[in-house]
Amino acid sequence: MTATPAVSVDSLRVEFPTKGGSFVAVKDVRFEIMPGEILGVVGESGSGKSVTSAALLQLTKFSAGRVVAGSMRLVRGDGSIVDLRRSDERRMRNVRGNEIGMIFQEPVIALNPAYTIGWQLSEGLRIHKGLSGKEANASALELLQKVRISNPKRRLKQYPHELSGGMCQRVVIAMALACEPRVLIADEPTTSLDVTVQAEILSLIALLRKETGAAVLLITHDMAVVAQMADRVVVMYRGEVVEEGSVRQILHHPRHSYTRALLAAVPKIGEMTGTDGPKRMKIASQSGKEFSPAVASEEPLLEVRELTKRFPVRGGILRRVVANVHAVECVSFGVNRNETLALVGESGSGKSTVGRCILRLEEPDSGELTFEGQNLLTLSRAGMRNQRRHMQIIFQDPYGSLNPQMRLLDQVAEPIRNYRLDKGTAVEDRVASLFDRVGMPRSFLRRYPSELSGGQRQRVAIARSLALNPKFIVADEAVSSLDVSIQAQVLNLMMELQADLGLSYLFISHDMAVVERVSHRVAVMYQGRIVEIGPRASVFGSPGHQYTKTLLAAVPRMDPDVSFADIEVQARALPSPIRSVDHQPSSSRYREILPGHFLLRNDLY
Amino acid sequence: MAPPTAMPNQEPSQFTDSRVTSRDYFWAMCRDKVTLAAFVFLALLVAFTVGAEFLAPHQPTGLNLRDRMLPPGSTGSSGAYHFLGTDELGRDLFSRLIYGARISISVGLLGAFVSCVVGVVTGLTAGYFGGLYEDVIMRLVDGMLSLPSLLVALFVLFVLGGGYTNLILVFCVLHWMVFCRLSRGLALDARSSTYVQAAKAFGAPSGRIIFRHILPNVMAPIIVLLTLEIAILILSEASLSFLGFGVQPPDPSWGLMIADGREHIRSAWWLATFPGLAIFLTALSLNLVANWVRAVTDPVQRWRWFS
């Protein structure tokens with residue numbers, strides 16, 4: 001290890017031309033990365049962290065961004081220095097891949113779907129290293145072995161769509177490593193991945209850093225990821241570096257108020273040990289008023305029995321059903337009044353399908369849904385439409401769930417008008433009071449969704465689902481796309497509303513730390529079944545099922561002393577939920593291990 | 001190494017108010033000279049179509065056998081100036097072009113608009129509801145798209161007789177399918193979007209979801225197709241009238257004028273050339289404008305036009 005930094009950036013400034021003059025995305029940013037060091041850059045959306053990394057590779061010009069000031073220097077292997085700001089396109093092509101490897105956020109998009117993994121890997125080797133076809137193939141295989149992908153020989157001949165997200169990310173990492181770069185930029189490398197896969201990929205990156213001695217620039221919004229991965233941390237806010245220091249210093253003694261606020265907003269797993277109910281986030285609540293989260297009642301509101309949903313896979317000219325995707329398999333649970341039941345699981349576990357089946361946005365194949373003593377599945381279209389007044393849904397994506405072409409007033413008023421609950425100006429008054437309720441200024445009533453930030457949109461979406469005074473709300477990953485500080489505010493809002501209005505939530509999420517914070521009871525889903533269900537304190541305190549244990553172990557801790565190195569690196573293949581048409585799975589059987597805490601007895605496939 | 005396809009996830013539009021006003025469209029248009037020219041041409045065309053009575057120098061059907069086949073720029077026996085010359089019956093070619101535009105353009109506009117409405121309504125409902133209804137509609141579309149359209153048009157117009165109304169009806173029958181296919185695809189896509197799911201959960205009736213929620217969000221590609229279809233219909237009208245099955249004489253139409261001019265192509269080149277040029281320029285302008293509309297309504301690349 002030498003004392004000269006691999007990359008040094010000084011007073012960097014990046015601007016984007018817009019309608020109203022230029023927008024400064026990055027201002028006066030300065031940092032250095034030593035060889036073999038992981039520098040974590042954290043910040044929320046719009047903080048300029050991705051723009052900074054794009055500027056390093058001169059990628060900002062593809063989205064019209066201009067580097068207007070500052071210097072970016074890269075030290076090559078032979079000690080010569082490349083000025084990244086003034087290099088021409090030909091030199092940059094050499095730098096990209098050869099000197100600086102890039103790992104993208106969406107591995108599935110970063111790979112070309114039209115070519116095999118082997119072809120894409122050897123392409124870079126042939127271009128940058130001038131290897132022959134045979135040599136390139138051999139080193140492609142070597143690279144795949146290096147990133148610990150299972151069955152590397154077979155992967156060479158496969159196409160990206162045949163691999164899982166985690167495997168694709170391994171391939172992207174292999175591509176980034178192809179020319180043994182001295183610097184690796186990882187831009188939110190695990191954000192789109194499941195938490196268990198995230199742990200695998202992060203430990204792989206940590207391991208590769210040790211093996212290759214590359215300098216790593218790790219960009220992320222997740223404080224816990226930084227805590228466990230980085231040596232030094234740069235905190236960015238609105239295009240500026242607000243704080244820089246070693247990871248321990250930032251975590252234990254943050255100096256800047258923004259860093260402190262950011263750390264306070266992150267739910268930390270394990271901090272709820274010894275409590276039963278939910279607890280509000282440690283930030284000032286929007287309305288400024290204190291509240292204590294609701295206590296669940298014993299009175300049942302919703303009862304789900306043996307719910308099953310399969311999606312047919314069609315094939316052939318006649319579009320016959322050739323197989324079934326077993327999305328939800330024999331799922332049973334109940335939700336009491338004023339209670340939050342969290343449904344946790346990874347992507348593809350069927351948790352969202354359960355939520356959609358309950359509202360009959362998706363028709364279940366079999367099972368029983370009872371809401372306030374009424375069987376929902378026997379209801380007619382009109383009957384169900386009436387019933388929806390009492391049960392609502394909040395979606396994950398606040399950008400998608402609001403119609404971009406309608407004013408906020410009309411969107412929130414729509415349910416009221418649909419059910420003719422009010423007329424004329426009374427509708428407007430009602431919408432205005434809903435806006436007050438969720439902490440949105442009334443001046444926004446006549447605006448359009450595109451003028452709002454993500455958190456504001458989610459507030460509007462919540463206002464809309466409250467418009468009908470529902471008793472039950474399905475929150476389908478309602479806070480997962482929000483920045484942590486906004487997430488904390490929205491979570492507090494949801495808990496406050498529950499306490500005030502006596503709502504029940506089905507809180508669907510993949511984030512164990514958030515779930516621990518907000519729920520009374522937890523159900524863990526895996527492969528379409530609930531593998532474990534019980535009171536939150538009991539499930540988190542003494543998890544019984546192997547899968548729950550794996551899930552909890554994979555959650556990144558806010559602790560630099562716990563490292564990812566202990567976690568298993570080998571990618572595991574998920575069993576496929578696609579089954580032949582005549583497959584008849586057994587129904588779920590449970591055993592009670594603690595009061596109210598049940599464990600699935602079936603073997604999973 | 002894959003090419004750097006994934007952009008940094010912060011687009012400039014995220015930072016600023018991304019609403020685009022009509023003023024932005026105007027300036028974006030002014031900056032693109034070719035599109036501006038196309039747009040000005042179409043505007044002039046519409047002005048001439050609407051105000052033909054005031055703008056045409058002569059009567060389109062006014063015979064004057066002494067001034068037959070005058071070349072462009074000549075002065076007739078009565079002292080009248082003929083900008084583009086006269087035809088074999090001594091009628092002023094420029095005035096006939098202007099009145100002909102009225103028919104060509106209105107057939108194109110009305111035909112495309114009616115087929116658009118029919119196609120979009122069937123397509124959106126088919127895509128949204130699915131099931132047997134969708135199958136029936138889409139197989140019908142498949143079948144009709146495989147008919148040789150010019151032949152069918154000739155046959156139907158032969159049986160029913162040519163003329164303005166029948167022409168529009170035939171165009172509608174033969175062209176609604178493209179709109180239907182496009183909007184079905186758009187509806188399929190929109191059906192799974194979250195705002196439609198949300199609207200469903202809030203008890204919005206199906207009609208409202210389709211026309212209030214889905215339609216405004218899928219308008220952009222439909223408008224592009226509409227613009228292209230207008231150009232296609234103007235061309236088809238010209239061919240049908242040229243073959244004698246469209247607009248009947250003495251009404252002027254561009255296709256009919258080319259048909260008349262064909263016999264005199266050696267002695268009076270202007271008779272076929274100017275209507276041909278008019279058709280060419282109209283179709284070209286519509287295509288250019290359609291291309292521009294597609295580009296500026298594409299949320300991924302429209303910042304290039306407004307920055």
# chains A, B, ... in the order shown; residues from 1 in each chain; ligands from 1

$ interface_residues --of "chain A" --to "chain B" --cutoff "7 Å" --atoms "only C-alpha atoms" --output "number ranges by chain"
A: 16-19, 46, 50-51, 54, 63, 97, 110-111, 121, 123-124, 175-176, 385, 388, 392, 400-403, 405, 415, 418, 450-451

$ select_by_dssp --residues "region 316-558 of chain A" --states "helix (DSSP H, G or I)" --output "ChimeraX atom specification"
/A:351-358,376-378,381-387,408-418,425-437,442-444,449-451,454-466,484-501,512-518,536-541,546-554

$ write_last_selection --atoms "C-alpha atoms" --output "mmCIF file, in the first residue's frame"
data_model
loop_
_atom_site.group_PDB
_atom_site.id
_atom_site.type_symbol
_atom_site.label_atom_id
_atom_site.label_comp_id
_atom_site.auth_asym_id
_atom_site.auth_seq_id
_atom_site.Cartn_x
_atom_site.Cartn_y
_atom_site.Cartn_z
ATOM 1 C CA LYS A 351 -46.522 -11.112 0.130
ATOM 2 C CA SER A 352 -47.841 -8.456 -2.270
ATOM 3 C CA THR A 353 -50.164 -10.960 -3.905
ATOM 4 C CA VAL A 354 -51.715 -11.679 -0.504
ATOM 5 C CA GLY A 355 -52.449 -7.969 -0.039
ATOM 6 C CA ARG A 356 -53.956 -7.650 -3.485
ATOM 7 C CA CYS A 357 -56.057 -10.781 -3.045
ATOM 8 C CA ILE A 358 -57.564 -9.402 0.164
ATOM 9 C CA LEU A 376 -65.670 -11.247 0.824
ATOM 10 C CA LEU A 377 -65.270 -13.944 -1.820
ATOM 11 C CA THR A 378 -68.985 -14.514 -2.274
ATOM 12 C CA ARG A 381 -68.923 -6.884 -8.076
ATOM 13 C CA ALA A 382 -71.174 -4.205 -6.633
ATOM 14 C CA GLY A 383 -71.007 -5.703 -3.157
ATOM 15 C CA MET A 384 -67.230 -5.751 -3.284
ATOM 16 C CA ARG A 385 -67.188 -2.182 -4.501
ATOM 17 C CA ASN A 386 -69.192 -1.214 -1.408
ATOM 18 C CA GLN A 387 -66.895 -3.203 0.820
ATOM 19 C CA LEU A 408 -54.067 16.481 -6.351
ATOM 20 C CA LEU A 409 -57.437 17.843 -5.309
ATOM 21 C CA ASP A 410 -59.210 15.686 -7.891
ATOM 22 C CA GLN A 411 -57.185 12.626 -7.037
ATOM 23 C CA VAL A 412 -57.974 12.770 -3.335
ATOM 24 C CA ALA A 413 -61.582 13.751 -4.074
ATOM 25 C CA GLU A 414 -62.035 10.850 -6.444
ATOM 26 C CA PRO A 415 -62.981 8.174 -3.907
ATOM 27 C CA ILE A 416 -65.401 10.633 -2.273
ATOM 28 C CA ARG A 417 -67.032 11.353 -5.620
ATOM 29 C CA ASN A 418 -67.030 7.687 -6.641
ATOM 30 C CA THR A 425 -67.817 22.425 -2.142
ATOM 31 C CA ALA A 426 -68.222 19.932 0.699
ATOM 32 C CA VAL A 427 -65.902 17.606 -1.245
ATOM 33 C CA GLU A 428 -63.258 20.277 -1.403
ATOM 34 C CA ASP A 429 -63.519 20.974 2.323
ATOM 35 C CA ARG A 430 -63.149 17.321 3.072
ATOM 36 C CA VAL A 431 -60.061 17.023 0.877
ATOM 37 C CA ALA A 432 -58.578 20.107 2.514
ATOM 38 C CA SER A 433 -59.023 18.611 5.974
ATOM 39 C CA LEU A 434 -57.458 15.356 4.762
ATOM 40 C CA PHE A 435 -54.478 17.401 3.577
ATOM 41 C CA ASP A 436 -54.231 18.938 7.049
ATOM 42 C CA ARG A 437 -54.429 15.482 8.544
ATOM 43 C CA ARG A 442 -53.480 23.310 1.405
ATOM 44 C CA SER A 443 -51.728 25.398 -1.236
ATOM 45 C CA PHE A 444 -50.796 22.104 -2.920
ATOM 46 C CA PRO A 449 -48.009 15.101 -8.834
ATOM 47 C CA SER A 450 -44.896 15.974 -10.842
ATOM 48 C CA GLU A 451 -44.360 19.036 -8.655
ATOM 49 C CA GLY A 454 -41.567 11.320 -3.144
ATOM 50 C CA GLY A 455 -42.507 11.826 0.487
ATOM 51 C CA GLN A 456 -45.154 14.414 -0.376
ATOM 52 C CA ARG A 457 -46.657 12.089 -2.940
ATOM 53 C CA GLN A 458 -46.860 9.298 -0.417
ATOM 54 C CA ARG A 459 -48.629 11.675 1.968
ATOM 55 C CA VAL A 460 -51.147 12.467 -0.762
ATOM 56 C CA ALA A 461 -51.588 8.750 -1.444
ATOM 57 C CA ILE A 462 -52.260 8.229 2.256
ATOM 58 C CA ALA A 463 -54.731 11.120 2.289
ATOM 59 C CA ARG A 464 -56.517 9.498 -0.632
ATOM 60 C CA SER A 465 -56.770 6.137 1.078
ATOM 61 C CA LEU A 466 -58.147 7.858 4.187
ATOM 62 C CA VAL A 484 -34.786 7.425 5.389
ATOM 63 C CA SER A 485 -35.663 10.807 6.847
ATOM 64 C CA ILE A 486 -38.907 10.890 4.825
ATOM 65 C CA GLN A 487 -39.535 7.251 5.654
ATOM 66 C CA ALA A 488 -39.342 8.045 9.343
ATOM 67 C CA GLN A 489 -41.856 10.882 8.955
ATOM 68 C CA VAL A 490 -44.292 8.738 6.975
ATOM 69 C CA LEU A 491 -43.983 5.866 9.454
ATOM 70 C CA ASN A 492 -44.740 8.261 12.303
ATOM 71 C CA LEU A 493 -47.706 9.598 10.359
ATOM 72 C CA MET A 494 -49.051 6.088 9.842
ATOM 73 C CA MET A 495 -48.669 5.214 13.507
ATOM 74 C CA GLU A 496 -50.251 8.503 14.548
ATOM 75 C CA LEU A 497 -53.214 7.880 12.245
ATOM 76 C CA GLN A 498 -53.613 4.394 13.648
ATOM 77 C CA ALA A 499 -53.704 5.713 17.192
ATOM 78 C CA ASP A 500 -56.190 8.475 16.310
ATOM 79 C CA LEU A 501 -58.518 6.667 13.928
ATOM 80 C CA MET A 512 -36.920 -6.131 8.929
ATOM 81 C CA ALA A 513 -35.806 -3.030 10.815
ATOM 82 C CA VAL A 514 -38.910 -1.052 9.795
ATOM 83 C CA VAL A 515 -41.154 -4.005 10.561
ATOM 84 C CA GLU A 516 -39.689 -4.362 14.022
ATOM 85 C CA ARG A 517 -40.496 -0.729 14.652
ATOM 86 C CA VAL A 518 -44.121 -0.551 13.571
ATOM 87 C CA ARG A 536 -43.396 -9.221 17.023
ATOM 88 C CA ALA A 537 -41.341 -9.449 20.207
ATOM 89 C CA SER A 538 -41.517 -13.229 20.094
ATOM 90 C CA VAL A 539 -40.636 -13.622 16.384
ATOM 91 C CA PHE A 540 -37.708 -11.206 16.557
ATOM 92 C CA GLY A 541 -36.607 -12.359 19.992
ATOM 93 C CA GLN A 546 -34.428 -21.396 9.676
ATOM 94 C CA TYR A 547 -35.518 -18.877 7.049
ATOM 95 C CA THR A 548 -36.440 -16.231 9.632
ATOM 96 C CA LYS A 549 -33.031 -16.693 11.225
ATOM 97 C CA THR A 550 -31.275 -16.271 7.869
ATOM 98 C CA LEU A 551 -33.304 -13.174 7.133
ATOM 99 C CA LEU A 552 -32.509 -11.592 10.486
ATOM 100 C CA ALA A 553 -28.822 -12.421 10.200
ATOM 101 C CA ALA A 554 -28.589 -10.798 6.782
#

$ select_by_dssp --residues "region 18-214 of chain B" --states "strand (DSSP E)" --output "list of chain:residue names"
B:Ser74, B:Thr75, B:Tyr81, B:His82

$ residues_around --residues "Trp119 (chain A)" --least-positions-apart "3" --cutoff "12 Å" --atoms "only C-alpha atoms" --output "short mmCIF file (atom, residue, chain, number, x, y, z; two decimals) with all heavy atoms, in the first residue's frame"
data_model
loop_
_atom_site.label_atom_id
_atom_site.label_comp_id
_atom_site.auth_asym_id
_atom_site.auth_seq_id
_atom_site.Cartn_x
_atom_site.Cartn_y
_atom_site.Cartn_z
N LEU A 111 -26.90 -5.53 -17.97
CA LEU A 111 -26.49 -6.59 -18.88
C LEU A 111 -27.34 -6.55 -20.14
O LEU A 111 -28.53 -6.28 -20.09
CB LEU A 111 -26.64 -7.96 -18.21
CG LEU A 111 -25.71 -8.21 -17.02
CD1 LEU A 111 -26.07 -9.53 -16.36
CD2 LEU A 111 -24.27 -8.22 -17.46
N ASN A 112 -26.73 -6.83 -21.26
CA ASN A 112 -27.46 -6.83 -22.52
C ASN A 112 -28.23 -8.15 -22.66
O ASN A 112 -27.63 -9.22 -22.68
CB ASN A 112 -26.46 -6.68 -23.67
CG ASN A 112 -27.14 -6.47 -24.99
OD1 ASN A 112 -28.27 -6.90 -25.19
ND2 ASN A 112 -26.48 -5.79 -25.90
N PRO A 113 -29.56 -8.06 -22.76
CA PRO A 113 -30.35 -9.29 -22.78
C PRO A 113 -30.14 -10.15 -24.02
O PRO A 113 -30.52 -11.31 -24.05
CB PRO A 113 -31.80 -8.78 -22.70
CG PRO A 113 -31.74 -7.38 -23.16
CD PRO A 113 -30.38 -6.86 -22.80
N ALA A 114 -29.54 -9.59 -25.07
CA ALA A 114 -29.44 -10.31 -26.33
C ALA A 114 -28.21 -11.21 -26.43
O ALA A 114 -28.10 -11.98 -27.37
CB ALA A 114 -29.46 -9.33 -27.49
N TYR A 115 -27.27 -11.09 -25.48
CA TYR A 115 -26.05 -11.88 -25.58
C TYR A 115 -25.86 -12.76 -24.35
O TYR A 115 -26.36 -12.46 -23.28
CB TYR A 115 -24.83 -10.96 -25.73
CG TYR A 115 -24.84 -10.17 -26.99
CD1 TYR A 115 -25.18 -8.83 -26.98
CD2 TYR A 115 -24.52 -10.77 -28.20
CE1 TYR A 115 -25.20 -8.09 -28.15
CE2 TYR A 115 -24.55 -10.05 -29.37
CZ TYR A 115 -24.88 -8.71 -29.35
OH TYR A 115 -24.90 -8.00 -30.51
N THR A 116 -25.10 -13.84 -24.53
CA THR A 116 -24.83 -14.71 -23.39
C THR A 116 -23.87 -14.03 -22.44
O THR A 116 -23.15 -13.10 -22.79
CB THR A 116 -24.18 -16.04 -23.85
OG1 THR A 116 -22.97 -15.72 -24.52
CG2 THR A 116 -25.08 -16.81 -24.78
N SER A 122 -16.36 -11.76 -22.24
CA SER A 122 -15.14 -11.83 -23.05
C SER A 122 -15.03 -10.62 -23.97
O SER A 122 -13.93 -10.29 -24.41
CB SER A 122 -15.11 -13.13 -23.85
OG SER A 122 -16.30 -13.31 -24.56
N GLU A 123 -16.14 -9.94 -24.23
CA GLU A 123 -16.10 -8.75 -25.09
C GLU A 123 -15.09 -7.73 -24.56
O GLU A 123 -14.20 -7.27 -25.28
CB GLU A 123 -17.48 -8.12 -25.18
CG GLU A 123 -17.54 -6.92 -26.11
CD GLU A 123 -18.77 -6.06 -25.89
OE1 GLU A 123 -19.40 -6.14 -24.81
OE2 GLU A 123 -19.12 -5.32 -26.81
N GLY A 124 -15.24 -7.41 -23.28
CA GLY A 124 -14.34 -6.42 -22.67
C GLY A 124 -12.89 -6.89 -22.74
O GLY A 124 -11.98 -6.10 -23.00
N LEU A 125 -12.69 -8.19 -22.51
CA LEU A 125 -11.33 -8.72 -22.53
C LEU A 125 -10.72 -8.62 -23.91
O LEU A 125 -9.54 -8.33 -24.07
CB LEU A 125 -11.36 -10.18 -22.07
CG LEU A 125 -11.78 -10.39 -20.62
CD1 LEU A 125 -12.09 -11.85 -20.35
CD2 LEU A 125 -10.67 -9.90 -19.69
N ARG A 126 -11.54 -8.89 -24.93
CA ARG A 126 -11.02 -8.83 -26.29
C ARG A 126 -10.68 -7.38 -26.67
O ARG A 126 -9.64 -7.12 -27.26
CB ARG A 126 -12.03 -9.42 -27.28
CG ARG A 126 -11.83 -10.94 -27.45
CD ARG A 126 -12.83 -11.52 -28.42
NE ARG A 126 -14.13 -11.68 -27.79
CZ ARG A 126 -15.27 -11.21 -28.27
NH1 ARG A 126 -15.28 -10.54 -29.39
NH2 ARG A 126 -16.40 -11.43 -27.64
N GLY A 133 -10.15 -15.14 -28.93
CA GLY A 133 -11.43 -15.67 -28.48
C GLY A 133 -11.28 -16.73 -27.40
O GLY A 133 -11.95 -16.72 -26.39
N LYS A 134 -10.32 -17.66 -27.61
CA LYS A 134 -10.14 -18.77 -26.68
C LYS A 134 -9.64 -18.29 -25.33
O LYS A 134 -10.14 -18.67 -24.27
CB LYS A 134 -9.17 -19.77 -27.28
CG LYS A 134 -9.66 -21.21 -27.14
CD LYS A 134 -8.68 -22.13 -27.79
CE LYS A 134 -9.27 -23.52 -27.91
NZ LYS A 134 -8.42 -24.36 -28.75
N ALA A 136 -9.90 -15.32 -24.11
CA ALA A 136 -10.93 -14.51 -23.46
C ALA A 136 -11.94 -15.41 -22.75
O ALA A 136 -12.33 -15.13 -21.62
CB ALA A 136 -11.64 -13.63 -24.49
N ASN A 137 -12.32 -16.50 -23.41
CA ASN A 137 -13.27 -17.43 -22.79
C ASN A 137 -12.71 -18.02 -21.51
O ASN A 137 -13.40 -18.13 -20.50
CB ASN A 137 -13.62 -18.56 -23.76
CG ASN A 137 -14.80 -18.17 -24.62
OD1 ASN A 137 -15.58 -17.30 -24.24
ND2 ASN A 137 -14.92 -18.80 -25.76
N ALA A 138 -11.44 -18.38 -21.56
CA ALA A 138 -10.80 -18.97 -20.38
C ALA A 138 -10.79 -17.98 -19.24
O ALA A 138 -11.12 -18.33 -18.10
CB ALA A 138 -9.39 -19.42 -20.73
N SER A 139 -10.45 -16.71 -19.54
CA SER A 139 -10.39 -15.79 -18.41
C SER A 139 -11.79 -15.35 -17.97
O SER A 139 -11.96 -14.97 -16.82
CB SER A 139 -9.48 -14.58 -18.70
OG SER A 139 -9.72 -14.07 -19.96
N ALA A 140 -12.79 -15.44 -18.87
CA ALA A 140 -14.16 -15.17 -18.45
C ALA A 140 -14.60 -16.19 -17.39
O ALA A 140 -15.20 -15.84 -16.37
CB ALA A 140 -15.11 -15.23 -19.65
N LEU A 141 -14.23 -17.44 -17.64
CA LEU A 141 -14.56 -18.50 -16.68
C LEU A 141 -13.86 -18.23 -15.34
O LEU A 141 -14.45 -18.36 -14.27
CB LEU A 141 -14.12 -19.85 -17.26
CG LEU A 141 -14.47 -21.08 -16.42
CD1 LEU A 141 -15.98 -21.21 -16.29
CD2 LEU A 141 -13.87 -22.32 -17.03
N ARG A 155 -23.00 -21.02 -16.60
CA ARG A 155 -23.43 -19.62 -16.68
C ARG A 155 -22.92 -18.96 -17.95
O ARG A 155 -23.56 -18.06 -18.49
CB ARG A 155 -22.90 -18.83 -15.48
CG ARG A 155 -23.28 -19.39 -14.12
CD ARG A 155 -24.74 -19.20 -13.78
NE ARG A 155 -25.06 -19.94 -12.58
CZ ARG A 155 -26.07 -20.78 -12.47
NH1 ARG A 155 -26.88 -20.98 -13.49
NH2 ARG A 155 -26.30 -21.41 -11.35
N LEU A 156 -21.73 -19.36 -18.41
CA LEU A 156 -21.15 -18.73 -19.61
C LEU A 156 -22.10 -18.80 -20.79
O LEU A 156 -22.15 -17.91 -21.63
CB LEU A 156 -19.84 -19.41 -19.97
CG LEU A 156 -18.62 -19.05 -19.13
CD1 LEU A 156 -17.43 -19.87 -19.56
CD2 LEU A 156 -18.31 -17.57 -19.24
N LYS A 157 -22.85 -19.89 -20.87
CA LYS A 157 -23.71 -20.09 -22.03
C LYS A 157 -25.13 -19.58 -21.79
O LYS A 157 -25.98 -19.67 -22.67
CB LYS A 157 -23.77 -21.58 -22.40
CG LYS A 157 -22.43 -22.09 -22.90
CD LYS A 157 -22.58 -23.46 -23.52
CE LYS A 157 -21.23 -24.04 -23.88
NZ LYS A 157 -20.40 -24.34 -22.69
N GLN A 158 -25.39 -19.04 -20.59
CA GLN A 158 -26.75 -18.59 -20.29
C GLN A 158 -26.95 -17.12 -20.63
O GLN A 158 -25.99 -16.36 -20.75
CB GLN A 158 -27.05 -18.83 -18.81
CG GLN A 158 -27.32 -20.29 -18.51
CD GLN A 158 -27.67 -20.50 -17.06
OE1 GLN A 158 -27.00 -19.98 -16.17
NE2 GLN A 158 -28.73 -21.26 -16.81
N TYR A 159 -28.22 -16.74 -20.75
CA TYR A 159 -28.57 -15.35 -21.00
C TYR A 159 -28.97 -14.68 -19.68
O TYR A 159 -29.40 -15.37 -18.76
CB TYR A 159 -29.72 -15.27 -22.01
CG TYR A 159 -29.29 -15.62 -23.40
CD1 TYR A 159 -29.30 -16.93 -23.83
CD2 TYR A 159 -28.83 -14.64 -24.27
CE1 TYR A 159 -28.87 -17.27 -25.11
CE2 TYR A 159 -28.40 -14.96 -25.53
CZ TYR A 159 -28.42 -16.28 -25.96
OH TYR A 159 -27.98 -16.58 -27.21
N PRO A 160 -28.86 -13.34 -19.62
CA PRO A 160 -29.15 -12.66 -18.35
C PRO A 160 -30.51 -13.02 -17.74
O PRO A 160 -30.62 -13.15 -16.52
CB PRO A 160 -29.09 -11.18 -18.73
CG PRO A 160 -28.13 -11.14 -19.86
CD PRO A 160 -28.32 -12.41 -20.62
N VAL A 171 -22.25 -11.18 -12.05
CA VAL A 171 -21.69 -11.08 -13.40
C VAL A 171 -21.23 -9.64 -13.67
O VAL A 171 -20.14 -9.43 -14.22
CB VAL A 171 -22.74 -11.51 -14.45
CG1 VAL A 171 -22.21 -11.25 -15.85
CG2 VAL A 171 -23.10 -12.97 -14.27
N MET A 175 -17.56 -8.39 -14.65
CA MET A 175 -17.24 -7.54 -15.79
C MET A 175 -16.41 -6.34 -15.35
O MET A 175 -15.46 -5.94 -16.02
CB MET A 175 -18.52 -7.05 -16.47
CG MET A 175 -19.13 -8.08 -17.38
SD MET A 175 -20.82 -7.69 -17.79
CE MET A 175 -20.59 -6.59 -19.10
N MET B 1 -16.71 -5.18 -21.18
CA MET B 1 -17.42 -4.14 -20.41
C MET B 1 -18.62 -3.66 -21.21
O MET B 1 -18.51 -3.33 -22.39
CB MET B 1 -16.44 -2.98 -20.20
CG MET B 1 -16.98 -1.86 -19.34
SD MET B 1 -16.94 -2.31 -17.62
CE MET B 1 -18.15 -1.15 -16.98
N ALA B 2 -19.74 -3.66 -20.58
CA ALA B 2 -20.93 -3.17 -21.27
C ALA B 2 -20.83 -1.66 -21.45
O ALA B 2 -20.18 -0.99 -20.65
CB ALA B 2 -22.17 -3.51 -20.44
#

$ atom_distance --atom1 "CA of Ser267 (chain B)" --atom2 "CA of Arg96 (chain B)"
19.5 Å

$ residues_around --residues "Thr52 (chain A)" --least-positions-apart "4" --cutoff "10 Å" --atoms "only C-alpha atoms" --output "mmCIF file with C-alpha atoms, in the first residue's frame"
data_model
loop_
_atom_site.group_PDB
_atom_site.id
_atom_site.type_symbol
_atom_site.label_atom_id
_atom_site.label_comp_id
_atom_site.auth_asym_id
_atom_site.auth_seq_id
_atom_site.Cartn_x
_atom_site.Cartn_y
_atom_site.Cartn_z
ATOM 1 C CA VAL A 9 -11.222 14.853 -6.380
ATOM 2 C CA LEU A 12 -15.713 19.501 -8.090
ATOM 3 C CA ARG A 13 -18.737 21.338 -9.402
ATOM 4 C CA VAL A 14 -21.309 19.833 -11.791
ATOM 5 C CA ALA A 25 -25.971 19.215 -8.649
ATOM 6 C CA VAL A 26 -22.556 18.963 -7.065
ATOM 7 C CA LYS A 27 -20.749 21.807 -5.377
ATOM 8 C CA VAL A 29 -16.835 18.247 -3.476
ATOM 9 C CA VAL A 41 -20.517 8.113 0.063
ATOM 10 C CA SER A 47 -27.610 14.764 -2.706
ATOM 11 C CA GLY A 48 -25.400 14.508 -5.778
ATOM 12 C CA LEU A 56 -15.492 10.672 -12.579
ATOM 13 C CA LEU A 57 -16.171 8.634 -15.707
ATOM 14 C CA GLN A 58 -17.386 11.643 -17.732
ATOM 15 C CA LEU A 59 -20.795 9.996 -17.918
ATOM 16 C CA THR A 60 -22.672 13.138 -16.898
ATOM 17 C CA VAL A 67 -18.282 19.665 -14.968
ATOM 18 C CA ILE A 219 -22.297 4.956 -3.056
ATOM 19 C CA GLY A 239 -24.651 18.534 -3.569
ATOM 20 C CA PRO B 8 -26.826 8.165 -13.081
#

$ residues_around --residues "Ala80 (chain B)" --least-positions-apart "3" --cutoff "10 Å" --atoms "only C-alpha atoms" --output "list of chain:residue names"
B:Pro57, B:His58, B:Asp67, B:Ser74, B:Thr75, B:Gly76, B:Ser77, B:Phe83, B:Asp92
